[in-house]
Amino acid sequence: MNLESLIGVIQIVLIATTPLVFASIGELVTEKSGVLNLGVEGMMLVGAVTAFVTLVITGSYFLAFIFSILSGIFMSGLFAFLVLILMSNQVATGLALTIFGIGLSSMIGKEYIGTPIDGLTPWYFVIFSFIIIFLISYFFYKTKHGLILRAVGESHTSAHALGYNVIKIRLYSILFGGSMCALAGSYMSICYAPMWQEGMTAGRGWIALALVVFSTWKPSRILLGAYIFGGVTILQMNLQAFGLRLPAQFFNMAPYIATMLVLVIISSNKLRIKLSAPASLTIPFHKGN
Amino acid sequence: MINFLPSVVSRSQSSKLMSLFVPIIAVILTLMTGSIIFSLMGFNPIFALHTFFISPISSAYGISELLVKATPLALIAIGLAFCFKNNLYNIGAEGQLTMGAIFGGGVGIFFHDTNGFWLLPLMIIAGAIGGALWGLIPALLKTKFNTNEILTSLMLVYVALLILDYLVVGPWKDPQGYSFPKTRSFSDSGRMPLLFSGLRIHFGLFITLFLIFFSWFIFTKTIFGFQLKVSGFSPSAARYAGFNQNRLVYLAFAICGSFAGIAGLAEVSGPIGLLYRDISPNYGFTAIIVAFLGRLHPIGIIFASLVIALTYLGAEDAQLFMQIPAAVGFVFQGLVLFYLLGADFLVNYKLEFRKNK
């Protein structure tokens, strides 16, 4: 492999990994506040279709991203209302959000399948994905608000007793997660593969959830995990190009099997997971309790 | 002085009455939301709801189609109940269904030119084994490596679908099928017998009803059912009682997987008759909604499967007569689950107007 093709591979890895970084850092912030949102895939799809349709109608990239992020806020707001105010089961509500998002996105996008658009260069977003990781790390470990958010995720009763508004902090964290997932989706439909197709995120939302576990809830490790992951995915494509004789479907399984392997390796250390997962994760907060 | 804002109070015991009413409330709220969505799209809501929910089942053919869709949904959902009762979030039933279809369908393809009464039972058993094996993978990873079953079971859906894709375009492709990605048809004795000529409703309905009865028996009359209930309700109580937790995990996943596998086989040997890519319109995922809507109870699941099956039929009719994308069915399914989970609030909490002190 010469230098030129090496640079080419690195470029592809960067472009392919960026949506995973956005979605996982969003989910990481949500989980740090003690809420598990399994609706990542659904929010990504709705974000993707909203951006795409807005772009086709208005022709403005700016509006496409704004509306996409608003759709993420809407979707995660729905989730927040259910889990924070009505104290519903977070796992089931997140699943409902994904099912709802899959349906809503294919309903909205039905007439737009195959519509051509001019894709946007991905590089600003690639750079932004590194900046956001840095910003979130700084926020968590160097600012007071970051500390409060982590405290809410570790023990909501203590945070409440200290006078912090648990529900409000969780609401913001959920909405941030939703906007990042929508951004990941809009990046996919406008930069990564400029098109709309039903279920085009192909499980990336679930992989993002796995990356949060892989990172043991540390922002910087999201980058590490996402890039190992992106690397493996691109590697299989290259092996395929180099003529390794195996049916294409087996190569396409690589990301999913890699996700499982990574989860197994990280989770098998029970103590590590127990120590690093936010202690209040999935436990609803009710003032009266 | 009375405080006008009610305060939220946890119930000491969850309300049985509310638990029964909440699914009905959820369905009604979904219908109301549906009529609002339809009027926003410029349709007469009464006409739209009629097209969606009444006209699909106003003929014998319609009723049969409803049962064709409800059969796999109810079967998968009752299997999921084994997992959900024990707080095991198996969301990979779609993959277990696909594996069942591959194993059972594989037997059918191998014996495509043979007839015999033994063929269908053999295919059903193979389907159950395929689904159970696929379900046991996340169970094993959970017990041995502490790995989250939600993510692994879901990843296995994608893997199973890719295996099916490989088989139907590769080694199992019909030699006379030109370039269509499909396999040979099963022989006649590899097909589920039809219950009425001219209608698609098939013997799978009885298999589903039998397995639902079987599950009811397990839940209420056996120690295993009791253990599932206890360990779902309070894992620590189950530990103190000395239940073998890992065994419960294996059994729940194996039963759930085998039910989904049988549902998959019943699909391919019932209405379809061969293997191809799109054997299931997301039955495995939709069954999660059926299980919750039916409160994990056998009777509840039967009713819920009929309601949700109707959203499939209604969506098809809405596409045909109102040019609304069929995906609207999934939107309704998502809404039902949202309303159900939201209204569950009434089961565990109550609003109280308290006097200010």
# chains A, B, ... in the order shown; residues from 1 in each chain; ligands from 1

call {"tool": "residues_around", "arguments": {"residues": "Val8 of chain B", "least_positions_apart": "5", "cutoff": "10 Å", "atoms": "only C-alpha atoms", "output": "ChimeraX atom specification"}}
result
/A:86,286-288 /B:345,349-353

call {"tool": "closest_atom_pairs", "arguments": {"of": "chain A", "to": "chain B", "cutoff": "7 Å", "atoms": "only C-alpha atoms", "output": "CSV"}}
result
residue,atom,partner,partner_atom,distance
A:Leu82,CA,B:Gly342,CA,5.6
A:Leu86,CA,B:Phe345,CA,5.6
A:Met87,CA,B:Phe345,CA,6.8
A:Ser88,CA,B:Leu341,CA,5.7
A:Thr93,CA,B:Phe338,CA,6.7
A:Ala96,CA,B:Gly334,CA,5.3
A:Leu97,CA,B:Gly334,CA,6.9
A:Ile99,CA,B:Gly334,CA,5.5
A:Phe100,CA,B:Gly334,CA,4.2
A:Gly103,CA,B:Phe330,CA,4.6
A:Leu104,CA,B:Val331,CA,5.6
A:Ser106,CA,B:Ala327,CA,6.0
A:Met107,CA,B:Ala327,CA,5.2
A:Lys110,CA,B:Pro325,CA,6.6
A:Trp206,CA,B:Leu151,CA,6.8
A:Ala210,CA,B:Leu151,CA,6.8
A:Gln249,CA,B:Leu162,CA,5.6
A:Met253,CA,B:Val159,CA,5.7
A:Tyr256,CA,B:Met155,CA,5.3
A:Met260,CA,B:Thr152,CA,5.8
A:Leu263,CA,B:Thr147,CA,6.3
A:Val264,CA,B:Thr147,CA,5.6
A:Ser267,CA,B:Thr147,CA,5.4
A:Ser268,CA,B:Phe145,CA,4.3
A:Lys270,CA,B:Asn146,CA,6.6
A:Gly288,CA,B:Val9,CA,7.0

call {"tool": "residues_around", "arguments": {"residues": "Met43 of chain A", "least_positions_apart": "6", "cutoff": "9 Å", "atoms": "only C-alpha atoms", "output": "ChimeraX atom specification"}}
result
/A:71-72,75-76,97-98,101-102,178-179,181-182,185,205

call {"tool": "write_last_selection", "arguments": {"atoms": "N, CA, C and O atoms", "output": "JSON list (two decimals), in the first residue's frame"}}
result
[["chain", "number", "residue", "atom", "x", "y", "z"],
["A", 71, "SER", "N", -35.78, 18.53, 15.22],
["A", 71, "SER", "CA", -36.48, 17.24, 15.25],
["A", 71, "SER", "C", -35.89, 16.35, 16.35],
["A", 71, "SER", "O", -36.62, 15.62, 17.01],
["A", 72, "GLY", "N", -34.57, 16.44, 16.55],
["A", 72, "GLY", "CA", -33.94, 15.67, 17.63],
["A", 72, "GLY", "C", -34.44, 16.12, 18.99],
["A", 72, "GLY", "O", -34.69, 15.32, 19.89],
["A", 75, "MET", "N", -38.04, 14.76, 19.37],
["A", 75, "MET", "CA", -38.07, 13.32, 19.68],
["A", 75, "MET", "C", -37.60, 13.06, 21.11],
["A", 75, "MET", "O", -38.22, 12.31, 21.86],
["A", 76, "SER", "N", -36.47, 13.67, 21.48],
["A", 76, "SER", "CA", -35.96, 13.40, 22.82],
["A", 76, "SER", "C", -36.84, 14.07, 23.87],
["A", 76, "SER", "O", -36.92, 13.59, 25.00],
["A", 97, "LEU", "N", -39.41, 4.75, 21.21],
["A", 97, "LEU", "CA", -38.92, 5.89, 20.45],
["A", 97, "LEU", "C", -38.27, 5.43, 19.15],
["A", 97, "LEU", "O", -38.46, 6.04, 18.10],
["A", 98, "THR", "N", -37.52, 4.33, 19.21],
["A", 98, "THR", "CA", -36.89, 3.82, 17.99],
["A", 98, "THR", "C", -37.93, 3.31, 17.01],
["A", 98, "THR", "O", -37.89, 3.64, 15.82],
["A", 101, "GLY", "N", -39.65, 6.24, 15.58],
["A", 101, "GLY", "CA", -38.76, 6.98, 14.68],
["A", 101, "GLY", "C", -38.60, 6.28, 13.34],
["A", 101, "GLY", "O", -38.59, 6.93, 12.29],
["A", 102, "ILE", "N", -38.50, 4.95, 13.35],
["A", 102, "ILE", "CA", -38.38, 4.20, 12.09],
["A", 102, "ILE", "C", -39.62, 4.45, 11.24],
["A", 102, "ILE", "O", -39.54, 4.77, 10.05],
["A", 178, "GLY", "N", -30.47, 14.07, 22.20],
["A", 178, "GLY", "CA", -31.33, 14.03, 21.02],
["A", 178, "GLY", "C", -30.78, 14.88, 19.90],
["A", 178, "GLY", "O", -30.77, 14.47, 18.73],
["A", 179, "SER", "N", -30.29, 16.09, 20.23],
["A", 179, "SER", "CA", -29.78, 16.95, 19.15],
["A", 179, "SER", "C", -28.54, 16.34, 18.51],
["A", 179, "SER", "O", -28.37, 16.43, 17.30],
["A", 181, "CYS", "N", -27.81, 13.15, 18.25],
["A", 181, "CYS", "CA", -28.23, 12.02, 17.42],
["A", 181, "CYS", "C", -28.80, 12.53, 16.10],
["A", 181, "CYS", "O", -28.53, 11.97, 15.04],
["A", 182, "ALA", "N", -29.60, 13.60, 16.17],
["A", 182, "ALA", "CA", -30.17, 14.16, 14.95],
["A", 182, "ALA", "C", -29.06, 14.71, 14.06],
["A", 182, "ALA", "O", -29.09, 14.55, 12.84],
["A", 185, "GLY", "N", -27.54, 11.95, 12.30],
["A", 185, "GLY", "CA", -28.41, 11.52, 11.20],
["A", 185, "GLY", "C", -28.32, 12.46, 10.01],
["A", 185, "GLY", "O", -28.20, 12.02, 8.87],
["A", 205, "GLY", "N", -27.09, 3.56, 15.32],
["A", 205, "GLY", "CA", -27.57, 4.04, 16.61],
["A", 205, "GLY", "C", -27.29, 3.04, 17.72],
["A", 205, "GLY", "O", -26.90, 3.40, 18.83]]

call {"tool": "select_by_dssp", "arguments": {"residues": "segment 69-281 of chain A", "states": "helix (DSSP H, G or I)", "output": "MDAnalysis selection string"}}
result
chainID A and resid 69:85 90:112 123:142 144:154 156:161 166:192 204:214 219:241 248:252 254:267 270:276

call {"tool": "residues_around", "arguments": {"residues": "Phe251 of chain A", "least_positions_apart": "2", "cutoff": "10 Å", "atoms": "only C-alpha atoms", "output": "list of chain:residue names"}}
result
A:Thr233, A:Leu235, A:Gln236, A:Met237, A:Leu239, A:Gln240, A:Leu246, A:Pro247, A:Ala248, A:Gln249, A:Met253, A:Ala254, A:Pro255, B:Leu162

call {"tool": "write_last_selection", "arguments": {"atoms": "N, CA, C and O atoms", "output": "mmCIF file, in the first residue's frame"}}
result
data_model
loop_
_atom_site.group_PDB
_atom_site.id
_atom_site.type_symbol
_atom_site.label_atom_id
_atom_site.label_comp_id
_atom_site.auth_asym_id
_atom_site.auth_seq_id
_atom_site.Cartn_x
_atom_site.Cartn_y
_atom_site.Cartn_z
ATOM 1 N N THR A 233 -14.303 -1.578 10.244
ATOM 2 C CA THR A 233 -15.304 -1.576 9.168
ATOM 3 C C THR A 233 -14.661 -1.299 7.816
ATOM 4 O O THR A 233 -14.964 -1.950 6.820
ATOM 5 N N LEU A 235 -11.479 -1.648 7.107
ATOM 6 C CA LEU A 235 -10.528 -2.731 6.822
ATOM 7 C C LEU A 235 -11.214 -3.854 6.063
ATOM 8 O O LEU A 235 -10.690 -4.374 5.067
ATOM 9 N N GLN A 236 -12.450 -4.197 6.508
ATOM 10 C CA GLN A 236 -13.122 -5.299 5.820
ATOM 11 C C GLN A 236 -13.424 -4.940 4.363
ATOM 12 O O GLN A 236 -13.333 -5.775 3.486
ATOM 13 N N MET A 237 -13.743 -3.646 4.151
ATOM 14 C CA MET A 237 -13.995 -3.242 2.762
ATOM 15 C C MET A 237 -12.738 -3.388 1.929
ATOM 16 O O MET A 237 -12.782 -3.796 0.769
ATOM 17 N N LEU A 239 -10.105 -5.408 2.536
ATOM 18 C CA LEU A 239 -9.798 -6.830 2.337
ATOM 19 C C LEU A 239 -10.607 -7.348 1.166
ATOM 20 O O LEU A 239 -10.118 -8.102 0.334
ATOM 21 N N GLN A 240 -11.848 -6.877 1.103
ATOM 22 C CA GLN A 240 -12.729 -7.276 0.028
ATOM 23 C C GLN A 240 -12.158 -6.795 -1.311
ATOM 24 O O GLN A 240 -12.127 -7.527 -2.287
ATOM 25 N N LEU A 246 -14.533 -14.110 -0.037
ATOM 26 C CA LEU A 246 -15.610 -14.445 0.898
ATOM 27 C C LEU A 246 -16.829 -13.686 0.409
ATOM 28 O O LEU A 246 -16.682 -12.590 -0.130
ATOM 29 N N PRO A 247 -18.027 -14.247 0.559
ATOM 30 C CA PRO A 247 -19.204 -13.510 0.103
ATOM 31 C C PRO A 247 -19.326 -12.165 0.824
ATOM 32 O O PRO A 247 -18.960 -12.043 1.999
ATOM 33 N N ALA A 248 -19.860 -11.182 0.123
ATOM 34 C CA ALA A 248 -19.950 -9.818 0.655
ATOM 35 C C ALA A 248 -20.702 -9.777 1.981
ATOM 36 O O ALA A 248 -20.357 -8.999 2.866
ATOM 37 N N GLN A 249 -21.715 -10.649 2.139
ATOM 38 C CA GLN A 249 -22.528 -10.593 3.354
ATOM 39 C C GLN A 249 -21.681 -10.827 4.606
ATOM 40 O O GLN A 249 -21.947 -10.254 5.650
ATOM 41 N N MET A 253 -21.143 -8.316 7.937
ATOM 42 C CA MET A 253 -21.438 -8.676 9.328
ATOM 43 C C MET A 253 -20.401 -8.098 10.282
ATOM 44 O O MET A 253 -20.646 -7.998 11.480
ATOM 45 N N ALA A 254 -19.225 -7.754 9.739
ATOM 46 C CA ALA A 254 -18.097 -7.372 10.599
ATOM 47 C C ALA A 254 -18.454 -6.330 11.660
ATOM 48 O O ALA A 254 -18.144 -6.544 12.837
ATOM 49 N N PRO A 255 -19.125 -5.210 11.301
ATOM 50 C CA PRO A 255 -19.383 -4.213 12.345
ATOM 51 C C PRO A 255 -20.209 -4.765 13.501
ATOM 52 O O PRO A 255 -19.946 -4.447 14.669
ATOM 53 N N LEU B 162 -28.263 -11.039 7.388
ATOM 54 C CA LEU B 162 -27.203 -11.158 6.381
ATOM 55 C C LEU B 162 -26.971 -12.620 6.000
ATOM 56 O O LEU B 162 -26.687 -12.930 4.841
#

call {"tool": "residues_around", "arguments": {"residues": "Met99 of chain B", "least_positions_apart": "6", "cutoff": "10 Å", "atoms": "only C-alpha atoms", "output": "ChimeraX atom specification"}}
result
/B:93,105,126-135,156-157,159-161,163-164,257-258,260-262,264-265

call {"tool": "residues_around", "arguments": {"residues": "Asp188 of chain B", "least_positions_apart": "4", "cutoff": "10 Å", "atoms": "only C-alpha atoms", "output": "mmCIF file with all heavy atoms, in the first residue's frame"}}
result
data_model
loop_
_atom_site.group_PDB
_atom_site.id
_atom_site.type_symbol
_atom_site.label_atom_id
_atom_site.label_comp_id
_atom_site.auth_asym_id
_atom_site.auth_seq_id
_atom_site.Cartn_x
_atom_site.Cartn_y
_atom_site.Cartn_z
ATOM 1 N N GLY B 108 -36.861 -27.846 4.641
ATOM 2 C CA GLY B 108 -37.847 -27.861 3.568
ATOM 3 C C GLY B 108 -37.206 -27.853 2.195
ATOM 4 O O GLY B 108 -37.681 -28.522 1.265
ATOM 5 N N HIS B 112 -37.133 -30.837 -0.891
ATOM 6 C CA HIS B 112 -38.097 -30.132 -1.748
ATOM 7 C C HIS B 112 -38.823 -31.073 -2.706
ATOM 8 O O HIS B 112 -39.890 -30.747 -3.206
ATOM 9 C CB HIS B 112 -37.401 -29.029 -2.539
ATOM 10 C CG HIS B 112 -36.422 -29.545 -3.551
ATOM 11 N ND1 HIS B 112 -36.756 -29.734 -4.848
ATOM 12 C CD2 HIS B 112 -35.140 -29.923 -3.412
ATOM 13 C CE1 HIS B 112 -35.705 -30.206 -5.506
ATOM 14 N NE2 HIS B 112 -34.712 -30.333 -4.651
ATOM 15 N N ASP B 113 -38.239 -32.257 -2.981
ATOM 16 C CA ASP B 113 -38.929 -33.171 -3.911
ATOM 17 C C ASP B 113 -39.456 -34.407 -3.201
ATOM 18 O O ASP B 113 -39.724 -35.428 -3.817
ATOM 19 C CB ASP B 113 -37.997 -33.561 -5.067
ATOM 20 C CG ASP B 113 -36.648 -34.038 -4.547
ATOM 21 O OD1 ASP B 113 -36.493 -34.108 -3.300
ATOM 22 O OD2 ASP B 113 -35.759 -34.335 -5.357
ATOM 23 N N THR B 114 -39.561 -34.327 -1.854
ATOM 24 C CA THR B 114 -40.039 -35.477 -1.093
ATOM 25 C C THR B 114 -41.357 -35.094 -0.425
ATOM 26 O O THR B 114 -41.510 -33.952 -0.011
ATOM 27 C CB THR B 114 -39.037 -35.846 0.023
ATOM 28 O OG1 THR B 114 -37.733 -35.739 -0.527
ATOM 29 C CG2 THR B 114 -39.282 -37.229 0.554
ATOM 30 N N ASN B 115 -42.268 -36.025 -0.341
ATOM 31 C CA ASN B 115 -43.489 -35.769 0.401
ATOM 32 C C ASN B 115 -43.616 -36.780 1.520
ATOM 33 O O ASN B 115 -43.163 -37.910 1.406
ATOM 34 C CB ASN B 115 -44.713 -35.855 -0.517
ATOM 35 C CG ASN B 115 -44.972 -34.522 -1.194
ATOM 36 O OD1 ASN B 115 -45.033 -33.491 -0.524
ATOM 37 N ND2 ASN B 115 -45.083 -34.552 -2.502
ATOM 38 N N GLY B 116 -44.210 -36.363 2.619
ATOM 39 C CA GLY B 116 -44.406 -37.281 3.732
ATOM 40 C C GLY B 116 -44.970 -36.518 4.903
ATOM 41 O O GLY B 116 -44.718 -35.308 5.038
ATOM 42 N N LEU B 119 -42.590 -34.461 7.256
ATOM 43 C CA LEU B 119 -41.763 -33.325 6.839
ATOM 44 C C LEU B 119 -42.069 -32.054 7.628
ATOM 45 O O LEU B 119 -41.153 -31.417 8.164
ATOM 46 C CB LEU B 119 -41.942 -33.086 5.332
ATOM 47 C CG LEU B 119 -41.076 -31.959 4.762
ATOM 48 C CD1 LEU B 119 -39.607 -32.158 5.091
ATOM 49 C CD2 LEU B 119 -41.263 -31.837 3.261
ATOM 50 N N LEU B 120 -43.363 -31.695 7.738
ATOM 51 C CA LEU B 120 -43.703 -30.446 8.414
ATOM 52 C C LEU B 120 -43.275 -30.459 9.888
ATOM 53 O O LEU B 120 -42.636 -29.503 10.346
ATOM 54 C CB LEU B 120 -45.201 -30.148 8.265
ATOM 55 C CG LEU B 120 -45.618 -28.769 8.748
ATOM 56 C CD1 LEU B 120 -44.918 -27.666 7.978
ATOM 57 C CD2 LEU B 120 -47.124 -28.598 8.650
ATOM 58 N N MET B 192 -47.724 -25.412 5.627
ATOM 59 C CA MET B 192 -48.761 -25.423 6.656
ATOM 60 C C MET B 192 -50.116 -25.648 5.977
ATOM 61 O O MET B 192 -50.450 -24.925 5.034
ATOM 62 C CB MET B 192 -48.807 -24.059 7.355
ATOM 63 C CG MET B 192 -47.659 -23.800 8.277
ATOM 64 S SD MET B 192 -47.945 -24.565 9.871
ATOM 65 C CE MET B 192 -46.316 -24.377 10.593
ATOM 66 N N PRO B 193 -50.912 -26.622 6.457
ATOM 67 C CA PRO B 193 -52.226 -26.845 5.846
ATOM 68 C C PRO B 193 -53.099 -25.595 5.991
ATOM 69 O O PRO B 193 -53.097 -24.953 7.036
ATOM 70 C CB PRO B 193 -52.816 -28.002 6.650
ATOM 71 C CG PRO B 193 -51.684 -28.602 7.383
ATOM 72 C CD PRO B 193 -50.642 -27.557 7.549
ATOM 73 N N SER B 269 -43.371 -21.466 5.784
ATOM 74 C CA SER B 269 -44.051 -22.655 5.273
ATOM 75 C C SER B 269 -45.560 -22.420 5.176
ATOM 76 O O SER B 269 -46.284 -23.247 4.660
ATOM 77 C CB SER B 269 -43.765 -23.864 6.163
ATOM 78 O OG SER B 269 -44.423 -23.716 7.389
ATOM 79 N N GLY B 273 -43.991 -20.110 1.477
ATOM 80 C CA GLY B 273 -43.709 -21.341 0.735
ATOM 81 C C GLY B 273 -42.289 -21.503 0.250
ATOM 82 O O GLY B 273 -41.952 -22.518 -0.368
#

call {"tool": "atom_distance", "arguments": {"atom1": "atom CA of Tyr240 of chain B", "atom2": "atom CA of Gln227 of chain B"}}
result
12.0 Å

call {"tool": "atom_distance", "arguments": {"atom1": "atom CA of Ser215 of chain A", "atom2": "atom CA of Gly26 of chain A"}}
result
13.0 Å

call {"tool": "residues_around", "arguments": {"residues": "Val169 of chain B", "least_positions_apart": "5", "cutoff": "8 Å", "atoms": "only C-alpha atoms", "output": "list of chain:residue names"}}
result
B:Phe180, B:Pro181, B:Lys182

call {"tool": "write_last_selection", "arguments": {"atoms": "C-alpha atoms", "output": "mmCIF file, in the first residue's frame"}}
result
data_model
loop_
_atom_site.group_PDB
_atom_site.id
_atom_site.type_symbol
_atom_site.label_atom_id
_atom_site.label_comp_id
_atom_site.auth_asym_id
_atom_site.auth_seq_id
_atom_site.Cartn_x
_atom_site.Cartn_y
_atom_site.Cartn_z
ATOM 1 C CA PHE B 180 -34.395 -13.618 -8.375
ATOM 2 C CA PRO B 181 -32.927 -13.956 -4.875
ATOM 3 C CA LYS B 182 -35.206 -16.767 -3.727
#

call {"tool": "select_by_dssp", "arguments": {"residues": "segment 81-278 of chain B", "states": "strand (DSSP E or B)", "output": "ChimeraX atom specification"}}
result
/B:173,182-183,194,202,276

call {"tool": "atom_distance", "arguments": {"atom1": "atom CA of Pro284 of chain A", "atom2": "atom CA of Asn37 of chain A"}}
result
12.6 Å
